[in-house]
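Encoded as C-alpha cells, the structure appears first; notes follow it.
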Amino acid sequence: MSLDVSPALLEQAERGEVDEAAFVDCVRTSLPYAWNMISSLVAQLRVDGGEFADNQTPPPDERARGQLLRALASDAIRGALERHFGVRLAFQNCHRVAVFPLDSSADERLARFTSIRGQLLNQSPELRDC
C-alpha cells in the first residue's frame, strides 16, 4: 500500500522541506481506512476520556489491513498522524490500534500496552495469520 503522492507534493519533497499539512492530507486520501480508524479512536478518547481508546475489530479485508500496516509501520506517517491528532499511537498484531493522550496520565497504561507481556496476552489462534 503506497501513498498516492500528487505531483505538487513530490515537487515539494524534491525541493527540500515538505508542508506537513499537505503530507497529512496525502495520508488521509491515500489510506482512508487507517485515517478513519485513527480519527474515530481519537474522537472516542476525547468524548469518553480515560487512559486510551482502542480498536479490537479486524479490518474487513486485506486492503484495509494493508492501510493500517502502512500507516503505523512508517515512522514518518505515524509521527505526522500523532502530531496532527495530538495523541500517541500504539499498535499490536495487524489491527489493534490504540490512541493515548500526550500527557503523562497514560504513561503506565501505554507501557503495559506496548510491553512484551501485553503483546503475548493479545494473541489468539485466529490472529496468527493476519
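In the C-alpha cells, chains take the letters A, B, ... in the order shown, each chain's residues start at 1, and ligands count up from 1 in the order shown.
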
Please identify which residues in region 24-74 of chain A DSSP calls helix (DSSP H, G or I) from the backbone, and express them as a ChimeraX atom specification.
/A:24-30,32-48,62-73

Could you save the residues just selected, with C-alpha atoms, as a CSV table (one decimal), in the first residue's frame?
chain,number,residue,atom,x,y,z
A,24,VAL,CA,-1.1,14.6,6.3
A,25,ASP,CA,-3.8,15.3,3.7
A,26,CYS,CA,-1.9,12.8,1.3
A,27,VAL,CA,-2.1,10.2,4.1
A,28,ARG,CA,-5.8,10.9,4.7
A,29,THR,CA,-6.7,10.5,1.0
A,30,SER,CA,-4.3,7.6,0.3
A,32,PRO,CA,-8.8,6.2,4.2
A,33,TYR,CA,-9.4,3.1,6.3
A,34,ALA,CA,-6.4,3.8,8.5
A,35,TRP,CA,-7.3,7.5,8.7
A,36,ASN,CA,-11.0,6.8,9.7
A,37,MET,CA,-9.9,4.2,12.2
A,38,ILE,CA,-7.4,6.6,13.9
A,39,SER,CA,-9.7,9.6,13.8
A,40,SER,CA,-12.6,7.7,15.2
A,41,LEU,CA,-10.4,6.4,18.1
A,42,VAL,CA,-9.2,10.0,18.8
A,43,ALA,CA,-12.9,11.2,18.9
A,44,GLN,CA,-13.7,8.3,21.2
A,45,LEU,CA,-10.8,9.2,23.5
A,46,ARG,CA,-11.9,12.8,23.6
A,47,VAL,CA,-15.5,12.0,24.3
A,48,ASP,CA,-15.1,9.2,26.7
A,62,GLU,CA,-6.5,-7.3,3.2
A,63,ARG,CA,-6.6,-3.8,1.6
A,64,ALA,CA,-7.8,-2.2,4.8
A,65,ARG,CA,-5.3,-4.3,6.8
A,66,GLY,CA,-2.5,-3.1,4.5
A,67,GLN,CA,-3.5,0.5,5.1
A,68,LEU,CA,-3.2,0.1,8.9
A,69,LEU,CA,0.2,-1.6,8.5
A,70,ARG,CA,1.4,1.2,6.1
A,71,ALA,CA,0.3,4.0,8.4
A,72,LEU,CA,1.7,2.5,11.6
A,73,ALA,CA,4.9,0.9,10.3

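Closest to Phe100 (chain A) among A:Gly79, A:Pro7, A:Gly49, A:Gly16 is A:Gly49, based on only C-alpha atoms.
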